[in-house]
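Comments concern the structure below.
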Amino acid sequence: MGDGSGSILKITLDGITFDVMADSNFNETGSGFENDRIATSGKSFKKMTKRVEKVESVILKANANDKQQLKYLSEKLEDFPMSYKTADGSVRRAKGSIYFETRETEENRATIQLHPANGWEEFVA
Amino acid sequence: MGKLSRTLSKLKKLKEEKPDRNKISEDSALEQIVEILNYYNIPLERLEDSEKSEAAGESILDALIGFFRRGQLETRVNENGILNIIQTTQSGAKIEYQEVGSRQKKVMDKYGTENYKRLYAFLGSLSGLGSDGIELLKAGGVQNDLACAEILGTLFLLV
């Protein structure tokens, strides 16, 4: 992994590769915990609340056929593998589900969220 | 004995002196291969017909036995009764290949006659990593991960 940044190169959901819009700016959840501190009369202590490491603002090119596939995946009950390749060439993967938010027909843009069951893993061959 | 055969026999001897990296017996490896053949109803003859594989330069069956024996491949039946094949790479990463279906086969249609692109797209679809993930696999080092995936892909193409 290098310092390169930019457009997402590819995304694969349950074995199907979708094209990612070049201006799509994936919004990755930083860590698996939401951290806070609880005040006491003495020292404060750390409160760690577990959260899902969602990836939001995932914008894909979706024609009518892609929309059907995304709808199917979004409504699928079982978790499935998903991965995406970032501009620096690294591949992140997880098993989980997606939330299909909207599709805009003017430019065939579908917005989805990736919801991993157990966090993301960098694939190092 | 000609020069070439002398060199070959020396090479063979040197190779045999390498430590045995096999983790399971040949019989156990064969049992796992039979499990795959039975699961997908692949007749043995079809495997024999495919003889040599470009990827490893040896018969698919021999190569598969080797990969299973070294622990690079293993079979696992999931909670839904579906047979998954797990590949362990030299970095310790696990790649889980799902059941072969029409969706995974269709991804090859995009690539026409580009054999390797087709194979990597197929494996990428089965593993959920995409072809880019498969292309990251290393051919050199402690073990040949790329050849292992390619051989598995060749087997899956018989389904």
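Order determines the names: the first chain of the structure tokens is A, the second B, and so forth; residues in each chain are numbered 1 upward, and ligands are numbered 1 upward as they are shown.
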
Can you check which parts of chain B lie within 10 Å of chain A? Per residue, the shortest pair of atoms and distance in Å to one decimal, counting only C-alpha atoms, sorted by chain and number, as a tab-separated table.
residue	atom	partner	partner_atom	distance
B:Thr88	CA	A:Ala125	CA	9.3
B:Thr89	CA	A:Ala125	CA	6.2
B:Gln90	CA	A:Ala125	CA	7.1
B:Ser91	CA	A:Ala125	CA	5.9
B:Gly92	CA	A:Ala125	CA	8.1
B:Ala93	CA	A:Ala125	CA	6.5
B:Lys94	CA	A:Phe123	CA	9.1
B:Ile95	CA	A:Phe123	CA	9.3
B:Glu96	CA	A:Pro81	CA	9.2
B:Tyr97	CA	A:Pro81	CA	10.0
B:Gln98	CA	A:Gly15	CA	9.1
B:Arg103	CA	A:Ile16	CA	7.7
B:Gln104	CA	A:Gly15	CA	6.5
B:Lys106	CA	A:Ile16	CA	9.5
B:Val107	CA	A:Ile16	CA	7.5
B:Ala121	CA	A:Gly15	CA	9.1
B:Phe122	CA	A:Gly15	CA	8.6
B:Leu123	CA	A:Gly15	CA	8.9
B:Gly124	CA	A:Gly15	CA	6.8
B:Ser125	CA	A:Gly15	CA	3.7
B:Leu126	CA	A:Gly15	CA	5.8
B:Ser127	CA	A:Gly15	CA	6.9
B:Gly128	CA	A:Gly15	CA	4.6
B:Leu129	CA	A:Ser83	CA	5.6
B:Gly130	CA	A:Thr12	CA	5.6
B:Ser131	CA	A:Thr17	CA	9.0
B:Asp132	CA	A:Lys85	CA	7.6
B:Gly133	CA	A:Val91	CA	6.5
B:Ile134	CA	A:Ala125	CA	8.5
B:Glu135	CA	A:Ala125	CA	9.2
B:Leu136	CA	A:Ala125	CA	5.9
B:Leu137	CA	A:Ala125	CA	5.1
B:Lys138	CA	A:Ala125	CA	6.7
B:Asp145	CA	A:Ala125	CA	8.3
B:Leu146	CA	A:Ala125	CA	9.7

For the selection you just gave me, I'd like the residues written to a file as an mmCIF file, in the first residue's frame, keeping C-alpha atoms.
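Result went into again_15.cif, see below:
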data_model
loop_
_atom_site.group_PDB
_atom_site.id
_atom_site.type_symbol
_atom_site.label_atom_id
_atom_site.label_comp_id
_atom_site.auth_asym_id
_atom_site.auth_seq_id
_atom_site.Cartn_x
_atom_site.Cartn_y
_atom_site.Cartn_z
ATOM 1 C CA THR B 88 -4.271 -20.544 2.337
ATOM 2 C CA THR B 89 -1.667 -18.227 0.847
ATOM 3 C CA GLN B 90 1.941 -17.873 1.959
ATOM 4 C CA SER B 91 1.004 -14.779 3.979
ATOM 5 C CA GLY B 92 -1.566 -16.865 5.868
ATOM 6 C CA ALA B 93 -4.554 -15.179 4.190
ATOM 7 C CA LYS B 94 -7.527 -17.464 3.568
ATOM 8 C CA ILE B 95 -9.446 -17.346 0.318
ATOM 9 C CA GLU B 96 -12.844 -19.007 0.459
ATOM 10 C CA TYR B 97 -14.169 -20.166 -2.896
ATOM 11 C CA GLN B 98 -17.961 -20.406 -2.964
ATOM 12 C CA ARG B 103 -23.440 -16.160 -11.995
ATOM 13 C CA GLN B 104 -19.762 -16.909 -11.542
ATOM 14 C CA LYS B 106 -21.095 -15.633 -16.710
ATOM 15 C CA VAL B 107 -18.353 -13.218 -15.634
ATOM 16 C CA ALA B 121 -12.384 -13.214 -13.359
ATOM 17 C CA PHE B 122 -13.972 -16.608 -12.646
ATOM 18 C CA LEU B 123 -11.813 -17.192 -9.551
ATOM 19 C CA GLY B 124 -12.316 -13.588 -8.465
ATOM 20 C CA SER B 125 -16.045 -14.069 -8.652
ATOM 21 C CA LEU B 126 -15.965 -17.360 -6.748
ATOM 22 C CA SER B 127 -13.791 -15.890 -4.014
ATOM 23 C CA GLY B 128 -15.525 -12.513 -3.872
ATOM 24 C CA LEU B 129 -12.126 -10.841 -4.195
ATOM 25 C CA GLY B 130 -12.555 -9.847 -7.811
ATOM 26 C CA SER B 131 -9.917 -10.599 -10.445
ATOM 27 C CA ASP B 132 -7.622 -7.958 -8.904
ATOM 28 C CA GLY B 133 -7.409 -9.931 -5.679
ATOM 29 C CA ILE B 134 -6.450 -13.085 -7.577
ATOM 30 C CA GLU B 135 -3.840 -11.163 -9.575
ATOM 31 C CA LEU B 136 -2.134 -10.212 -6.297
ATOM 32 C CA LEU B 137 -1.310 -13.876 -5.603
ATOM 33 C CA LYS B 138 2.404 -14.674 -5.646
ATOM 34 C CA ASP B 145 -0.176 -19.468 -4.690
ATOM 35 C CA LEU B 146 -1.000 -18.367 -8.212
#

When DSSP is applied to the backbone of this structure, which of chain A are assigned strand (DSSP E or B)? Write them out as a PDB file with N, CA and C atoms, in the first residue's frame.
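After the write, part-v1.pdb holds the following:
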ATOM      1  N   LYS A  10     -12.335  -0.714  -8.346  1.00  0.00           N
ATOM      2  CA  LYS A  10     -13.264  -1.809  -8.629  1.00  0.00           C
ATOM      3  C   LYS A  10     -14.000  -2.221  -7.360  1.00  0.00           C
ATOM      4  N   ILE A  11     -15.196  -2.735  -7.534  1.00  0.00           N
ATOM      5  CA  ILE A  11     -15.909  -3.295  -6.374  1.00  0.00           C
ATOM      6  C   ILE A  11     -16.560  -4.607  -6.802  1.00  0.00           C
ATOM      7  N   THR A  12     -16.486  -5.594  -5.954  1.00  0.00           N
ATOM      8  CA  THR A  12     -17.100  -6.892  -6.229  1.00  0.00           C
ATOM      9  C   THR A  12     -18.049  -7.245  -5.095  1.00  0.00           C
ATOM     10  N   LEU A  13     -19.299  -7.495  -5.437  1.00  0.00           N
ATOM     11  CA  LEU A  13     -20.305  -7.855  -4.435  1.00  0.00           C
ATOM     12  C   LEU A  13     -20.856  -9.228  -4.765  1.00  0.00           C
ATOM     13  N   ILE A  16     -20.021 -10.452  -8.155  1.00  0.00           N
ATOM     14  CA  ILE A  16     -20.363  -9.626  -9.323  1.00  0.00           C
ATOM     15  C   ILE A  16     -19.570  -8.328  -9.237  1.00  0.00           C
ATOM     16  N   THR A  17     -18.880  -7.998 -10.320  1.00  0.00           N
ATOM     17  CA  THR A  17     -18.109  -6.759 -10.328  1.00  0.00           C
ATOM     18  C   THR A  17     -18.962  -5.620 -10.869  1.00  0.00           C
ATOM     19  N   PHE A  18     -18.973  -4.512 -10.149  1.00  0.00           N
ATOM     20  CA  PHE A  18     -19.709  -3.320 -10.576  1.00  0.00           C
ATOM     21  C   PHE A  18     -18.707  -2.208 -10.861  1.00  0.00           C
ATOM     22  N   VAL A  20     -17.516   1.531 -10.487  1.00  0.00           N
ATOM     23  CA  VAL A  20     -17.694   2.587  -9.486  1.00  0.00           C
ATOM     24  C   VAL A  20     -17.574   3.934 -10.193  1.00  0.00           C
ATOM     25  N   ASN A  27     -16.894   6.635   2.109  1.00  0.00           N
ATOM     26  CA  ASN A  27     -16.767   7.163   3.459  1.00  0.00           C
ATOM     27  C   ASN A  27     -16.656   5.985   4.422  1.00  0.00           C
ATOM     28  N   GLU A  28     -15.405   5.648   4.793  1.00  0.00           N
ATOM     29  CA  GLU A  28     -15.165   4.462   5.628  1.00  0.00           C
ATOM     30  C   GLU A  28     -15.273   4.813   7.114  1.00  0.00           C
ATOM     31  N   PHE A  33     -15.149   0.745  17.117  1.00  0.00           N
ATOM     32  CA  PHE A  33     -15.715   1.210  18.390  1.00  0.00           C
ATOM     33  C   PHE A  33     -15.927   2.716  18.383  1.00  0.00           C
ATOM     34  N   GLU A  34     -16.988   3.127  19.063  1.00  0.00           N
ATOM     35  CA  GLU A  34     -17.214   4.541  19.273  1.00  0.00           C
ATOM     36  C   GLU A  34     -16.701   4.807  20.691  1.00  0.00           C
ATOM     37  N   ASN A  35     -15.708   5.639  20.802  1.00  0.00           N
ATOM     38  CA  ASN A  35     -15.067   5.841  22.106  1.00  0.00           C
ATOM     39  C   ASN A  35     -15.551   7.107  22.805  1.00  0.00           C
ATOM     40  N   ASP A  36     -15.697   6.986  24.102  1.00  0.00           N
ATOM     41  CA  ASP A  36     -16.085   8.131  24.907  1.00  0.00           C
ATOM     42  C   ASP A  36     -15.460   7.924  26.289  1.00  0.00           C
ATOM     43  N   ARG A  37     -15.625   8.884  27.157  1.00  0.00           N
ATOM     44  CA  ARG A  37     -15.163   8.702  28.537  1.00  0.00           C
ATOM     45  C   ARG A  37     -16.301   9.072  29.476  1.00  0.00           C
ATOM     46  N   ILE A  38     -16.400   8.330  30.543  1.00  0.00           N
ATOM     47  CA  ILE A  38     -17.445   8.574  31.530  1.00  0.00           C
ATOM     48  C   ILE A  38     -16.803   9.287  32.728  1.00  0.00           C
ATOM     49  N   PHE A  45     -13.353   7.138  33.065  1.00  0.00           N
ATOM     50  CA  PHE A  45     -12.967   5.856  32.463  1.00  0.00           C
ATOM     51  C   PHE A  45     -13.534   5.747  31.051  1.00  0.00           C
ATOM     52  N   LYS A  46     -12.878   4.895  30.301  1.00  0.00           N
ATOM     53  CA  LYS A  46     -13.198   4.788  28.879  1.00  0.00           C
ATOM     54  C   LYS A  46     -14.467   3.977  28.640  1.00  0.00           C
ATOM     55  N   LYS A  47     -15.301   4.476  27.748  1.00  0.00           N
ATOM     56  CA  LYS A  47     -16.500   3.730  27.355  1.00  0.00           C
ATOM     57  C   LYS A  47     -16.350   3.405  25.865  1.00  0.00           C
ATOM     58  N   MET A  48     -16.340   2.152  25.555  1.00  0.00           N
ATOM     59  CA  MET A  48     -16.178   1.731  24.153  1.00  0.00           C
ATOM     60  C   MET A  48     -17.460   1.056  23.692  1.00  0.00           C
ATOM     61  N   THR A  49     -18.148   1.664  22.760  1.00  0.00           N
ATOM     62  CA  THR A  49     -19.376   1.067  22.232  1.00  0.00           C
ATOM     63  C   THR A  49     -19.101   0.516  20.845  1.00  0.00           C
ATOM     64  N   LYS A  50     -19.382  -0.734  20.685  1.00  0.00           N
ATOM     65  CA  LYS A  50     -19.101  -1.383  19.407  1.00  0.00           C
ATOM     66  C   LYS A  50     -19.994  -0.809  18.306  1.00  0.00           C
ATOM     67  N   VAL A  55     -19.262   1.248   5.235  1.00  0.00           N
ATOM     68  CA  VAL A  55     -18.685   2.123   4.215  1.00  0.00           C
ATOM     69  C   VAL A  55     -19.873   2.781   3.522  1.00  0.00           C
ATOM     70  N   GLU A  56     -19.922   4.110   3.600  1.00  0.00           N
ATOM     71  CA  GLU A  56     -21.067   4.833   3.024  1.00  0.00           C
ATOM     72  C   GLU A  56     -20.639   5.616   1.785  1.00  0.00           C
ATOM     73  N   SER A  57     -21.596   6.195   1.109  1.00  0.00           N
ATOM     74  CA  SER A  57     -21.364   6.985  -0.117  1.00  0.00           C
ATOM     75  C   SER A  57     -20.699   6.157  -1.206  1.00  0.00           C
ATOM     76  N   VAL A  58     -21.100   4.923  -1.303  1.00  0.00           N
ATOM     77  CA  VAL A  58     -20.580   4.067  -2.371  1.00  0.00           C
ATOM     78  C   VAL A  58     -21.477   4.279  -3.589  1.00  0.00           C
ATOM     79  N   ILE A  59     -20.933   4.934  -4.608  1.00  0.00           N
ATOM     80  CA  ILE A  59     -21.764   5.266  -5.766  1.00  0.00           C
ATOM     81  C   ILE A  59     -21.319   4.438  -6.978  1.00  0.00           C
ATOM     82  N   LEU A  60     -22.245   3.634  -7.457  1.00  0.00           N
ATOM     83  CA  LEU A  60     -21.942   2.711  -8.546  1.00  0.00           C
ATOM     84  C   LEU A  60     -22.683   3.104  -9.813  1.00  0.00           C
ATOM     85  N   LYS A  61     -22.130   2.673 -10.936  1.00  0.00           N
ATOM     86  CA  LYS A  61     -22.867   2.821 -12.191  1.00  0.00           C
ATOM     87  C   LYS A  61     -23.894   1.701 -12.216  1.00  0.00           C
ATOM     88  N   PHE A  80     -22.703 -12.180   2.266  1.00  0.00           N
ATOM     89  CA  PHE A  80     -21.940 -12.580   1.068  1.00  0.00           C
ATOM     90  C   PHE A  80     -20.606 -11.829   1.045  1.00  0.00           C
ATOM     91  N   PRO A  81     -19.648 -12.337   0.271  1.00  0.00           N
ATOM     92  CA  PRO A  81     -18.348 -11.661   0.226  1.00  0.00           C
ATOM     93  C   PRO A  81     -18.405 -10.365  -0.572  1.00  0.00           C
ATOM     94  N   MET A  82     -17.661  -9.382  -0.120  1.00  0.00           N
ATOM     95  CA  MET A  82     -17.566  -8.127  -0.868  1.00  0.00           C
ATOM     96  C   MET A  82     -16.140  -7.600  -0.740  1.00  0.00           C
ATOM     97  N   SER A  83     -15.706  -6.913  -1.763  1.00  0.00           N
ATOM     98  CA  SER A  83     -14.349  -6.361  -1.743  1.00  0.00           C
ATOM     99  C   SER A  83     -14.284  -5.146  -2.641  1.00  0.00           C
ATOM    100  N   TYR A  84     -13.325  -4.286  -2.369  1.00  0.00           N
ATOM    101  CA  TYR A  84     -13.099  -3.164  -3.276  1.00  0.00           C
ATOM    102  C   TYR A  84     -11.607  -2.834  -3.333  1.00  0.00           C
ATOM    103  N   LYS A  85     -11.226  -2.296  -4.485  1.00  0.00           N
ATOM    104  CA  LYS A  85      -9.813  -1.990  -4.704  1.00  0.00           C
ATOM    105  C   LYS A  85      -9.648  -0.485  -4.732  1.00  0.00           C
ATOM    106  N   VAL A  91      -6.533  -4.149  -1.759  1.00  0.00           N
ATOM    107  CA  VAL A  91      -7.865  -4.754  -1.829  1.00  0.00           C
ATOM    108  C   VAL A  91      -8.377  -4.977  -0.403  1.00  0.00           C
ATOM    109  N   ARG A  92      -9.533  -4.406  -0.080  1.00  0.00           N
ATOM    110  CA  ARG A  92     -10.143  -4.602   1.242  1.00  0.00           C
ATOM    111  C   ARG A  92     -11.320  -5.553   1.075  1.00  0.00           C
ATOM    112  N   ARG A  93     -11.470  -6.456   2.001  1.00  0.00           N
ATOM    113  CA  ARG A  93     -12.546  -7.448   1.852  1.00  0.00           C
ATOM    114  C   ARG A  93     -13.272  -7.690   3.169  1.00  0.00           C
ATOM    115  N   ALA A  94     -14.482  -8.182   3.039  1.00  0.00           N
ATOM    116  CA  ALA A  94     -15.305  -8.502   4.214  1.00  0.00           C
ATOM    117  C   ALA A  94     -16.440  -9.392   3.758  1.00  0.00           C
ATOM    118  N   LYS A  95     -17.141  -9.942   4.726  1.00  0.00           N
ATOM    119  CA  LYS A  95     -18.394 -10.641   4.442  1.00  0.00           C
ATOM    120  C   LYS A  95     -19.484  -9.827   5.108  1.00  0.00           C
ATOM    121  N   GLY A  96     -20.606  -9.662   4.455  1.00  0.00           N
ATOM    122  CA  GLY A  96     -21.648  -8.863   5.062  1.00  0.00           C
ATOM    123  C   GLY A  96     -22.816  -8.644   4.133  1.00  0.00           C
ATOM    124  N   SER A  97     -23.423  -7.468   4.262  1.00  0.00           N
ATOM    125  CA  SER A  97     -24.609  -7.169   3.452  1.00  0.00           C
ATOM    126  C   SER A  97     -24.519  -5.734   2.947  1.00  0.00           C
ATOM    127  N   ILE A  98     -25.450  -5.361   2.077  1.00  0.00           N
ATOM    128  CA  ILE A  98     -25.457  -3.983   1.583  1.00  0.00           C
ATOM    129  C   ILE A  98     -26.828  -3.352   1.845  1.00  0.00           C
ATOM    130  N   TYR A  99     -26.839  -2.034   1.843  1.00  0.00           N
ATOM    131  CA  TYR A  99     -28.093  -1.287   1.920  1.00  0.00           C
ATOM    132  C   TYR A  99     -28.164  -0.460   0.636  1.00  0.00           C
ATOM    133  N   PHE A 100     -29.150  -0.752  -0.182  1.00  0.00           N
ATOM    134  CA  PHE A 100     -29.308  -0.064  -1.469  1.00  0.00           C
ATOM    135  C   PHE A 100     -30.194   1.151  -1.213  1.00  0.00           C
ATOM    136  N   GLU A 101     -29.565   2.325  -1.196  1.00  0.00           N
ATOM    137  CA  GLU A 101     -30.315   3.549  -0.858  1.00  0.00           C
ATOM    138  C   GLU A 101     -31.150   4.046  -2.028  1.00  0.00           C
ATOM    139  N   THR A 102     -30.502   4.483  -3.085  1.00  0.00           N
ATOM    140  CA  THR A 102     -31.233   5.082  -4.206  1.00  0.00           C
ATOM    141  C   THR A 102     -30.543   4.802  -5.533  1.00  0.00           C
ATOM    142  N   ARG A 103     -31.281   5.044  -6.611  1.00  0.00           N
ATOM    143  CA  ARG A 103     -30.676   5.043  -7.943  1.00  0.00           C
ATOM    144  C   ARG A 103     -31.216   6.261  -8.682  1.00  0.00           C
ATOM    145  N   GLU A 104     -30.297   7.033  -9.242  1.00  0.00           N
ATOM    146  CA  GLU A 104     -30.706   8.211 -10.013  1.00  0.00           C
ATOM    147  C   GLU A 104     -30.571   7.882 -11.484  1.00  0.00           C
ATOM    148  N   ARG A 109     -26.733   6.433 -11.499  1.00  0.00           N
ATOM    149  CA  ARG A 109     -25.912   6.370 -10.286  1.00  0.00           C
ATOM    150  C   ARG A 109     -26.698   5.699  -9.162  1.00  0.00           C
ATOM    151  N   ALA A 110     -26.156   4.646  -8.626  1.00  0.00           N
ATOM    152  CA  ALA A 110     -26.801   3.976  -7.485  1.00  0.00           C
ATOM    153  C   ALA A 110     -25.954   4.230  -6.248  1.00  0.00           C
ATOM    154  N   THR A 111     -26.602   4.576  -5.155  1.00  0.00           N
ATOM    155  CA  THR A 111     -25.874   4.806  -3.900  1.00  0.00           C
ATOM    156  C   THR A 111     -26.175   3.659  -2.943  1.00  0.00           C
ATOM    157  N   ILE A 112     -25.124   3.048  -2.475  1.00  0.00           N
ATOM    158  CA  ILE A 112     -25.297   1.931  -1.539  1.00  0.00           C
ATOM    159  C   ILE A 112     -24.390   2.121  -0.319  1.00  0.00           C
ATOM    160  N   GLN A 113     -24.632   1.311   0.682  1.00  0.00           N
ATOM    161  CA  GLN A 113     -23.734   1.249   1.848  1.00  0.00           C
ATOM    162  C   GLN A 113     -23.266  -0.197   1.991  1.00  0.00           C
ATOM    163  N   LEU A 114     -22.035  -0.364   2.415  1.00  0.00           N
ATOM    164  CA  LEU A 114     -21.504  -1.711   2.666  1.00  0.00           C
ATOM    165  C   LEU A 114     -21.494  -1.944   4.182  1.00  0.00           C
ATOM    166  N   HIS A 115     -22.109  -3.024   4.602  1.00  0.00           N
ATOM    167  CA  HIS A 115     -22.194  -3.335   6.034  1.00  0.00           C
ATOM    168  C   HIS A 115     -21.474  -4.650   6.331  1.00  0.00           C
ATOM    169  N   PRO A 116     -20.249  -4.617   6.791  1.00  0.00           N
ATOM    170  CA  PRO A 116     -19.537  -5.869   7.067  1.00  0.00           C
ATOM    171  C   PRO A 116     -20.049  -6.534   8.347  1.00  0.00           C
ATOM    172  N   GLU A 121     -10.903  -6.409   6.204  1.00  0.00           N
ATOM    173  CA  GLU A 121      -9.566  -6.992   6.264  1.00  0.00           C
ATOM    174  C   GLU A 121      -8.830  -6.590   4.989  1.00  0.00           C
ATOM    175  N   GLU A 122      -7.574  -6.225   5.152  1.00  0.00           N
ATOM    176  CA  GLU A 122      -6.744  -5.914   3.983  1.00  0.00           C
ATOM    177  C   GLU A 122      -6.302  -7.249   3.401  1.00  0.00           C
TER     178      GLU A 122
END

(Q) I'd like the contact shell of Ser28 in chain B - 12 Å cut-off, only C-alpha atoms, skipping same-chain residues fewer than 3 positions apart - returned as a PyMOL selection string. (A) chain B and resi 22-25+31-35+65-71+73-75

Q) Smallest atom-to-atom distance to Val52 in chain A: which of A:Ala39, A:Gly30, A:Gln68, A:Gly2, using only C-alpha atoms? A)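 Smallest separation from Val52 in chain A among the options: A:Gly30.
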
Q) When distances are computed from only C-alpha atoms, which of B:Ile82, B:Ile36, B:Val159, B:Leu8 shows the smallest separation from Ser102 in chain B? A) B:Val159

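Going from CA of Asp23 in chain A over to CA of Gly6 in chain A, you cover 8.5 Å.
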
Q: Would you please give, as a ChimeraX atom specification, all residues of range 60-95 of chain A that DSSP assigns to alpha helix (DSSP H) based on the backbone?
A: /A:64-75

Q.
Measuring between only C-alpha atoms, which one of A:Ala117, A:Thr105, A:Ile8, A:Tyr72 shows the shortest distance to Asn25 in chain A?
A. A:Ile8
